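Q: For reference, this is final-v7.txt, and it has compact mmCIF, C-alpha atoms and all ligand atoms.
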```txt
# COMPACT_ATOMS: atom_id res chain seq x y z
CA MET A 260 0.00 0.00 0.00
CA ALA A 261 1.55 3.26 -1.14
CA LYS A 262 1.05 6.49 0.81
CA ILE A 263 0.48 9.32 -1.62
CA LEU A 264 -0.15 13.00 -0.95
CA ILE A 265 -2.07 14.67 -3.73
CA THR A 266 -2.19 18.46 -3.63
CA GLY A 267 -5.04 20.22 -5.41
CA GLY A 268 -7.01 16.98 -5.58
CA SER A 269 -10.30 18.86 -5.65
CA GLY A 270 -9.41 20.75 -8.80
CA PHE A 271 -10.08 19.53 -12.32
CA ILE A 272 -6.91 17.58 -13.12
CA GLY A 273 -6.24 16.50 -9.52
CA SER A 274 -9.74 15.13 -8.94
CA ASN A 275 -9.72 13.20 -12.20
CA PHE A 276 -6.31 11.81 -11.22
CA ILE A 277 -7.66 10.67 -7.83
CA ARG A 278 -10.61 8.95 -9.52
CA TYR A 279 -8.28 7.29 -12.05
CA TRP A 280 -5.82 6.18 -9.38
CA GLY A 281 -8.51 4.99 -6.95
CA GLU A 282 -10.04 2.76 -9.62
CA LYS A 283 -6.67 1.20 -10.53
CA TYR A 284 -5.01 1.05 -7.12
CA PRO A 285 -7.82 0.83 -4.57
CA ASN A 286 -5.48 -0.21 -1.74
CA ASP A 287 -3.28 2.87 -1.87
CA ALA A 288 -3.76 5.46 0.86
CA LEU A 289 -4.44 8.81 -0.78
CA THR A 290 -4.52 12.13 1.05
CA ASN A 291 -5.93 15.13 -0.78
CA LEU A 292 -4.71 18.52 0.46
CA ASP A 293 -6.80 21.29 -1.10
CA ARG A 294 -7.56 24.87 -0.10
CA LEU A 295 -11.01 24.66 -1.70
CA THR A 296 -10.67 27.72 -3.87
CA TYR A 297 -13.27 28.83 -6.41
CA ALA A 298 -11.83 26.22 -8.81
CA SER A 299 -12.01 23.26 -6.39
CA GLN A 300 -15.17 21.84 -7.92
CA GLY A 301 -13.89 18.36 -8.63
CA SER A 302 -16.29 16.58 -6.30
CA ALA A 303 -18.28 15.60 -9.40
CA ALA A 304 -15.32 13.50 -10.56
CA LEU A 305 -14.60 12.26 -7.03
CA LYS A 306 -18.04 10.85 -6.26
CA LYS A 307 -16.92 7.28 -5.63
CA SER A 308 -13.33 7.79 -4.47
CA LYS A 309 -11.99 6.77 -1.10
CA VAL A 310 -9.58 9.48 -0.11
CA ARG A 311 -8.65 11.29 3.07
CA PHE A 312 -9.45 14.95 2.59
CA VAL A 313 -7.58 17.76 4.34
CA LYS A 314 -8.70 21.33 3.79
CA GLY A 315 -5.65 23.57 3.84
CA ASP A 316 -3.15 25.71 2.04
CA ILE A 317 0.09 24.34 0.57
CA CYS A 318 1.74 27.54 1.90
CA ASP A 319 0.88 26.50 5.49
CA LYS A 320 4.29 25.18 6.61
CA LYS A 321 3.07 23.62 9.85
CA LEU A 322 0.23 21.73 8.20
CA VAL A 323 2.35 20.62 5.27
CA GLU A 324 5.11 19.35 7.59
CA LYS A 325 2.57 17.39 9.62
CA LEU A 326 1.00 15.81 6.53
CA MET A 327 4.34 14.92 5.00
CA LYS A 328 5.28 12.57 7.87
CA GLY A 329 5.37 8.99 6.55
CA MET A 330 4.42 10.04 3.01
CA GLU A 331 6.21 8.13 0.23
CA THR A 332 5.03 10.00 -2.83
CA VAL A 333 3.75 13.51 -3.55
CA VAL A 334 1.87 14.45 -6.71
CA HIS A 335 1.65 18.23 -6.68
CA PHE A 336 -1.27 19.54 -8.77
CA ALA A 337 -2.32 22.48 -6.56
CA ALA A 338 -2.02 25.74 -8.48
CA GLU A 339 -3.73 28.87 -9.60
CA THR A 340 -4.13 28.02 -13.28
CA HIS A 341 -6.17 30.52 -15.23
CA VAL A 342 -4.11 32.79 -17.49
CA ASP A 343 -6.78 35.52 -17.78
CA ARG A 344 -7.09 35.76 -13.99
CA SER A 345 -3.30 36.09 -13.69
CA ILE A 346 -3.50 39.04 -16.09
CA GLN A 347 -6.12 40.67 -13.85
CA ASP A 348 -4.17 40.04 -10.61
CA SER A 349 -1.07 37.88 -10.29
CA GLN A 350 -0.20 37.96 -6.60
CA ILE A 351 -2.01 34.78 -5.55
CA PHE A 352 -0.34 33.00 -8.51
CA LEU A 353 3.08 33.80 -7.13
CA LYS A 354 2.07 32.81 -3.61
CA THR A 355 0.52 29.44 -4.44
CA ASN A 356 2.58 28.40 -7.44
CA VAL A 357 5.98 29.47 -6.12
CA LEU A 358 5.87 29.71 -2.31
CA GLY A 359 3.42 26.82 -2.05
CA THR A 360 5.71 24.65 -4.16
CA GLN A 361 8.72 25.67 -2.06
CA THR A 362 6.87 24.81 1.16
CA LEU A 363 5.99 21.36 -0.17
CA LEU A 364 9.48 20.67 -1.53
CA GLU A 365 11.11 21.61 1.76
CA ALA A 366 8.79 19.51 3.91
CA ALA A 367 9.04 16.58 1.50
CA ARG A 368 12.84 16.75 1.48
CA LYS A 369 13.00 16.84 5.28
CA ASN A 370 10.73 13.81 5.48
CA ASN A 371 12.64 11.77 2.90
CA VAL A 372 9.75 11.49 0.47
CA SER A 373 10.94 9.12 -2.24
CA LYS A 374 9.12 10.61 -5.24
CA PHE A 375 7.82 14.11 -5.83
CA ILE A 376 6.01 14.89 -9.08
CA PHE A 377 5.50 18.55 -9.98
CA ILE A 378 2.69 19.08 -12.46
CA SER A 379 4.05 21.91 -14.57
CA THR A 380 2.77 23.07 -17.96
CA ASP A 381 3.78 23.54 -21.60
CA GLU A 382 3.22 27.28 -21.03
CA VAL A 383 6.63 27.57 -19.34
CA TYR A 384 8.25 27.38 -22.79
CA GLY A 385 6.29 30.31 -24.22
CA SER A 386 5.09 30.27 -27.81
CA ILE A 387 6.51 28.40 -30.83
CA ASP A 388 5.53 29.20 -34.45
CA LYS A 389 6.79 25.95 -36.00
CA GLY A 390 8.08 22.63 -34.67
CA THR A 391 7.88 21.45 -31.06
CA PHE A 392 9.42 22.15 -27.69
CA SER A 393 11.62 19.47 -26.13
CA GLU A 394 12.44 19.24 -22.44
CA TYR A 395 15.70 21.06 -23.25
CA SER A 396 14.06 24.10 -24.86
CA PRO A 397 14.59 27.40 -23.01
CA LEU A 398 11.84 28.63 -20.68
CA ARG A 399 10.29 31.87 -21.95
CA PRO A 400 6.99 32.23 -20.08
CA ASN A 401 4.78 35.06 -21.33
CA SER A 402 1.95 35.44 -18.82
CA PRO A 403 2.22 36.00 -15.06
CA TYR A 404 0.62 32.56 -14.68
CA ALA A 405 3.23 30.90 -16.89
CA ALA A 406 6.05 32.78 -15.13
CA SER A 407 4.80 31.54 -11.76
CA LYS A 408 4.67 27.93 -13.00
CA ALA A 409 8.15 28.29 -14.53
CA SER A 410 9.41 29.52 -11.15
CA GLY A 411 7.98 26.48 -9.34
CA ASP A 412 9.34 24.25 -12.09
CA LEU A 413 12.86 25.70 -11.76
CA LEU A 414 12.71 25.44 -7.99
CA CYS A 415 12.15 21.71 -8.46
CA ARG A 416 15.26 21.53 -10.61
CA SER A 417 17.23 23.31 -7.88
CA TYR A 418 16.08 20.77 -5.26
CA TRP A 419 17.38 17.96 -7.47
CA VAL A 420 20.72 19.65 -8.24
CA THR A 421 21.35 20.97 -4.73
CA TYR A 422 19.90 18.26 -2.47
CA LYS A 423 19.48 15.29 -4.84
CA PHE A 424 15.86 15.37 -3.77
CA PRO A 425 14.04 13.01 -6.18
CA VAL A 426 11.73 15.38 -7.96
CA ILE A 427 10.31 14.82 -11.44
CA VAL A 428 8.65 17.59 -13.47
CA THR A 429 5.92 16.96 -16.05
CA ARG A 430 4.89 19.60 -18.59
CA CYS A 431 1.53 18.86 -20.12
CA CYS A 432 -0.44 20.45 -22.94
CA ASN A 433 -4.05 21.74 -22.60
CA ASN A 434 -6.38 19.39 -20.71
CA TYR A 435 -10.11 18.86 -21.21
CA GLY A 436 -12.68 16.43 -19.86
CA PRO A 437 -15.37 16.10 -17.18
CA ALA A 438 -15.78 18.68 -14.38
CA GLN A 439 -13.45 21.33 -15.79
CA PHE A 440 -14.25 24.76 -14.38
CA PRO A 441 -16.29 26.79 -16.90
CA GLU A 442 -13.74 29.57 -17.29
CA LYS A 443 -11.51 27.43 -19.55
CA VAL A 444 -12.38 27.64 -23.21
CA ILE A 445 -13.98 24.20 -23.76
CA PRO A 446 -16.37 24.10 -20.77
CA LEU A 447 -17.10 27.83 -21.10
CA PHE A 448 -18.11 27.41 -24.74
CA ILE A 449 -20.10 24.18 -24.18
CA SER A 450 -22.05 25.64 -21.26
CA ASN A 451 -22.61 29.01 -22.99
CA LEU A 452 -24.07 27.26 -26.03
CA MET A 453 -26.28 25.13 -23.82
CA GLU A 454 -27.57 28.37 -22.27
CA ASP A 455 -28.08 29.95 -25.73
CA LYS A 456 -25.25 32.41 -25.12
CA LYS A 457 -22.60 33.34 -27.68
CA VAL A 458 -19.00 32.12 -27.34
CA PRO A 459 -16.29 34.81 -26.98
CA LEU A 460 -13.46 33.91 -29.37
CA TYR A 461 -10.25 35.88 -28.72
CA GLY A 462 -8.64 37.74 -31.63
CA LYS A 463 -8.78 35.92 -34.96
CA GLY A 464 -9.09 32.49 -33.36
CA ALA A 465 -5.74 31.62 -34.92
CA ASN A 466 -4.00 30.57 -31.70
CA VAL A 467 -3.10 26.90 -31.61
CA ARG A 468 -3.30 24.57 -28.62
CA GLU A 469 -2.45 20.87 -28.25
CA TRP A 470 -5.26 18.98 -26.48
CA ILE A 471 -5.19 15.99 -24.12
CA HIS A 472 -8.02 14.19 -22.36
CA VAL A 473 -7.55 14.50 -18.59
CA ASP A 474 -7.50 10.68 -18.20
CA ASP A 475 -4.56 10.49 -20.60
CA HIS A 476 -2.79 13.05 -18.43
CA ALA A 477 -3.48 10.77 -15.43
CA SER A 478 -2.03 7.73 -17.21
CA ALA A 479 1.02 9.79 -18.19
CA VAL A 480 1.63 10.72 -14.54
CA GLU A 481 1.14 7.06 -13.63
CA GLN A 482 3.85 6.09 -16.15
CA VAL A 483 6.20 8.77 -14.85
CA LEU A 484 5.66 7.52 -11.30
CA ALA A 485 6.44 3.97 -12.39
CA LYS A 486 9.32 4.56 -14.77
CA GLY A 487 10.45 8.20 -14.64
CA GLU A 488 13.96 9.09 -13.55
CA PRO A 489 14.51 11.46 -10.61
CA GLY A 490 15.67 14.91 -11.70
CA GLU A 491 14.16 14.49 -15.15
CA ILE A 492 11.47 16.46 -16.97
CA TYR A 493 8.82 14.84 -19.18
CA ASN A 494 6.64 16.61 -21.74
CA ILE A 495 3.12 15.20 -22.00
CA GLY A 496 1.53 15.82 -25.38
CA THR A 497 -0.76 14.17 -27.90
CA GLY A 498 0.15 15.93 -31.15
CA GLU A 499 -3.56 16.85 -31.51
CA GLU A 500 -3.25 20.49 -32.47
CA LEU A 501 -6.19 22.75 -33.25
CA ASN A 502 -6.50 26.45 -33.72
CA ASN A 503 -9.20 28.08 -31.62
CA ARG A 504 -11.50 28.68 -34.57
CA GLU A 505 -11.35 24.99 -35.55
CA LEU A 506 -11.90 24.05 -31.92
CA THR A 507 -14.86 26.42 -31.63
CA LYS A 508 -16.44 25.01 -34.80
CA LYS A 509 -16.18 21.48 -33.41
CA ILE A 510 -17.82 22.54 -30.13
CA ILE A 511 -20.57 24.39 -31.97
CA ALA A 512 -21.22 21.38 -34.23
CA ALA A 513 -21.35 19.05 -31.21
CA LEU A 514 -24.09 21.26 -29.74
CA GLY A 515 -26.01 21.35 -33.05
CA LYS A 516 -25.54 25.12 -33.57
CA ASP A 517 -23.95 27.27 -36.30
CA GLU A 518 -21.17 29.84 -36.54
CA SER A 519 -23.45 32.78 -35.87
CA TRP A 520 -22.93 31.81 -32.19
CA ILE A 521 -19.30 33.00 -32.34
CA GLU A 522 -18.68 36.43 -30.87
CA PRO A 523 -15.23 37.77 -31.82
CA VAL A 524 -13.73 39.63 -28.86
CA GLN A 525 -10.53 41.58 -28.22
CA ASP A 526 -7.50 39.37 -27.88
CA ARG A 527 -5.85 38.33 -24.60
CA PRO A 528 -2.78 40.52 -23.96
CA GLY A 529 0.47 38.58 -24.51
CA HIS A 530 -1.56 35.72 -26.03
CA ASP A 531 0.78 32.84 -26.93
CA LEU A 532 0.24 31.92 -30.58
CA ARG A 533 1.04 28.24 -30.42
CA TYR A 534 2.09 25.50 -28.00
CA ALA A 535 3.36 22.15 -29.28
CA LEU A 536 5.34 19.49 -27.46
CA ASP A 537 7.77 16.76 -28.42
CA SER A 538 6.77 14.01 -25.99
CA SER A 539 9.06 11.28 -27.33
CA LYS A 540 10.94 11.07 -24.02
CA LEU A 541 7.75 10.02 -22.22
CA ARG A 542 6.64 7.79 -25.09
CA ALA A 543 9.98 5.95 -24.79
CA LEU A 544 8.81 4.92 -21.29
CA GLY A 545 5.83 3.18 -22.92
CA TRP A 546 3.08 5.83 -22.62
CA LYS A 547 0.66 6.86 -25.32
CA PRO A 548 -2.68 8.66 -25.17
CA LYS A 549 -5.85 6.58 -25.62
CA THR A 550 -8.58 9.12 -26.40
CA ASN A 551 -8.51 11.06 -29.67
CA PHE A 552 -9.85 14.59 -29.57
CA ASP A 553 -13.11 14.07 -31.44
CA GLU A 554 -14.12 11.14 -29.23
CA GLY A 555 -12.95 12.96 -26.08
CA LEU A 556 -14.92 16.07 -27.02
CA ARG A 557 -18.03 13.95 -27.66
CA GLN A 558 -17.72 12.38 -24.18
CA THR A 559 -17.06 15.77 -22.60
CA VAL A 560 -20.12 17.36 -24.20
CA GLU A 561 -22.13 14.35 -22.95
CA TRP A 562 -20.79 14.94 -19.44
CA TYR A 563 -21.83 18.61 -19.47
CA LYS A 564 -25.26 17.60 -20.77
CA ASN A 565 -25.63 15.06 -17.96
CA ASN A 566 -24.33 17.38 -15.24
CA VAL A 567 -26.16 20.64 -15.92
CA SER A 568 -26.77 21.30 -12.23
CA TRP A 569 -22.99 21.07 -11.53
CA TRP A 570 -22.00 23.88 -13.93
CA LYS A 571 -25.21 25.92 -13.48
CA LYS A 572 -24.52 26.13 -9.75
CA ILE A 573 -21.03 27.49 -10.50
CA LYS A 574 -22.22 29.93 -13.16
CA GLN A 575 -24.89 31.33 -10.85
CA LYS A 576 -22.40 32.33 -8.15
CA GLY A 577 -21.81 36.07 -7.70
CA ALA A 578 -18.02 35.69 -7.78
CA TYR A 579 -18.17 33.81 -11.08
CA LYS A 580 -20.53 36.36 -12.61
CA SER A 581 -18.34 39.28 -11.60
CA TYR A 582 -15.24 37.55 -12.97
CA ILE A 583 -16.99 36.98 -16.32
CA LYS A 584 -18.18 40.58 -16.40
CA LYS A 585 -14.72 41.95 -15.70
CA GLN A 586 -13.16 39.60 -18.26
CA TYR A 587 -15.56 40.04 -21.18
CA ALA A 588 -17.57 43.26 -20.81
CA GLY A 589 -16.87 45.78 -23.56
CA ARG A 590 -14.51 43.44 -25.46
CA SER A 591 -16.77 42.64 -28.42
CA LYS A 592 -15.17 43.61 -31.74
O1 LIG A 601 -1.24 24.74 -22.02
C1 LIG A 601 -1.58 24.31 -20.74
C2 LIG A 601 -2.38 25.38 -20.09
O2 LIG A 601 -3.68 25.35 -20.65
C3 LIG A 601 -2.45 25.28 -18.58
O3 LIG A 601 -1.16 25.42 -18.05
C4 LIG A 601 -3.35 26.37 -18.02
O4 LIG A 601 -3.48 26.24 -16.63
C5 LIG A 601 -4.71 26.28 -18.67
O5 LIG A 601 -5.53 27.32 -18.21
C6 LIG A 601 -4.59 26.31 -20.19
O6 LIG A 601 -4.21 27.64 -20.62
P1 LIG A 601 -4.86 28.33 -21.89
O7 LIG A 601 -4.71 29.78 -21.77
O8 LIG A 601 -4.35 27.71 -23.16
O9 LIG A 601 -6.41 27.84 -21.69
P2 LIG A 601 -7.78 28.64 -21.89
O10 LIG A 601 -8.86 27.61 -21.80
O11 LIG A 601 -7.88 29.83 -21.05
O12 LIG A 601 -7.67 29.12 -23.41
C7 LIG A 601 -7.45 28.20 -24.48
C8 LIG A 601 -7.37 29.02 -25.75
O13 LIG A 601 -8.68 29.57 -26.02
C9 LIG A 601 -6.43 30.19 -25.67
O14 LIG A 601 -5.76 30.36 -26.91
C10 LIG A 601 -7.34 31.39 -25.41
C11 LIG A 601 -8.63 31.00 -26.10
N1 LIG A 601 -9.85 31.53 -25.45
C12 LIG A 601 -10.02 31.30 -24.11
C13 LIG A 601 -11.14 31.76 -23.45
C14 LIG A 601 -11.30 31.53 -21.97
C15 LIG A 601 -10.82 32.21 -26.19
O15 LIG A 601 -10.68 32.40 -27.41
N2 LIG A 601 -11.92 32.68 -25.52
C16 LIG A 601 -12.11 32.49 -24.19
O16 LIG A 601 -13.14 32.97 -23.65
```
Would you write out, as structure tokens, the structure that this file holds?

A:
Amino acid sequence: MAKILITGGSGFIGSNFIRYWGEKYPNDALTNLDRLTYASQGSAALKKSKVRFVKGDICDKKLVEKLMKGMETVVHFAAETHVDRSIQDSQIFLKTNVLGTQTLLEAARKNNVSKFIFISTDEVYGSIDKGTFSEYSPLRPNSPYAASKASGDLLCRSYWVTYKFPVIVTRCCNNYGPAQFPEKVIPLFISNLMEDKKVPLYGKGANVREWIHVDDHASAVEQVLAKGEPGEIYNIGTGEELNNRELTKKIIAALGKDESWIEPVQDRPGHDLRYALDSSKLRALGWKPKTNFDEGLRQTVEWYKNNVSWWKKIKQKGAYKSYIKKQYAGRSK
């Protein structure tokens, strides 16, 4: 029985990871440390999981040190993740993504944790017009969010080089799937269309993202835990690239609507044009994604259709409404 601390296990990727892990390894003892922020809405994915839940902040040194005792593995998902929010106000991004990561690394090192996985992101590399980023590409983050993740990512490297603390970094492309908070493009657009609202497409819709189903991200982390080398970095990508206009058309078609539902809006400042990863290093460990984008999108739309009360409850909250207003009001082109 492995003892695993999952941080941010109530968020989108963390909660899907807990569900995935719980189904495959029901005897492992999982602890989920989560601050329950606005984005901690993963209970929909966690319905059947057996996991010890601890409400708390990864920046809380005392709590983190207590929880780390006897832990063998840490999978660190907890983060502020939304680029647009980091453009509005970046302080909490620095606190959670940098200081929170440092607090965890330090407590884990002191308690001889034998594996620490840091869930980083492809955004640390910045934008690439052609070709792909490898794990050796320079880090050129362009948003405050990406800069905060790059800082946490580099801190992990320093713990390996300085202390030989066995940390592994994964850098994944854009995730989608069930119970993703409806501020990210896919769930925002699906739920807007279901409410007969237009979908706000930034700029020309020419920006390209590489998409992965959240379960394929979970299986990639599983593979890294089983076969990854300490001190190494692994890109997690599918090669399934789409520009935002193509993506939007697919979502619209899945909801049986037409392109008149697209509302072009002013672009995101500093908007990265394209992310694309070379994930051959991870594939050499034996991993490959299972769900192609069209099938994954079909399942995801199904999930949002079957869980209307989950996203409606979120979208009705005052804090959500004021975020949306601040983000989109007056941006129509
Ligand atoms: O690449 C991995 C990253 O993917 C993660 O590290 C981030 O935490 C995650 O938020 C995501 O970042 P993006 O900025 O790529 O995701 P988002 O869903 O915000 O936007 C995806 C694309 O869609 C991006 O090019 C901006 C565009 N977009 C987004 C929103 C919210 C729109 O055109 N309209 C929108 O309303």

Q: Calculated over all atoms listed in the file, which of the candidates A:Thr290, A:Gln482, A:Ser274, A:Ser386 has the smallest distance to A:Leu544?

A: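 Among the listed residues, the smallest separation from A:Leu544 belongs to A:Gln482.
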
Q: Identify which of the residues A:Leu460, A:Ile263, A:Val428, A:Val323 lies closest to ligand LIG 601 (chain A), counting all atoms listed in the file when measuring atom-to-atom distances.

A: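 Using all atoms listed in the file, ligand LIG 601 (chain A) sits closest to A:Leu460.
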
Q: Name all residues at most 7 Å from A:Cys432 (count all atoms listed in the file; drop same-chain ones fewer than 4 positions away) and give them as an MDAnalysis selection string.

A: chainID A and resid 380:381 469:471 495:496

Q: I'd like to know which of A:Glu554, A:Asp343, A:Asp475, A:Asp537 is closest to ligand LIG 601 (chain A), using only C-alpha atoms and all ligand atoms.

A: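 The answer is A:Asp343, which sits nearest to ligand LIG 601 (chain A).
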
Q: Would you mind telling me which residue in A:Asp319, A:Glu339, A:Asp388, A:Glu491 lies nearest to ligand LIG 601 (chain A) when using only C-alpha atoms and all ligand atoms?

A: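 The closest residue to ligand LIG 601 (chain A) is A:Glu339.
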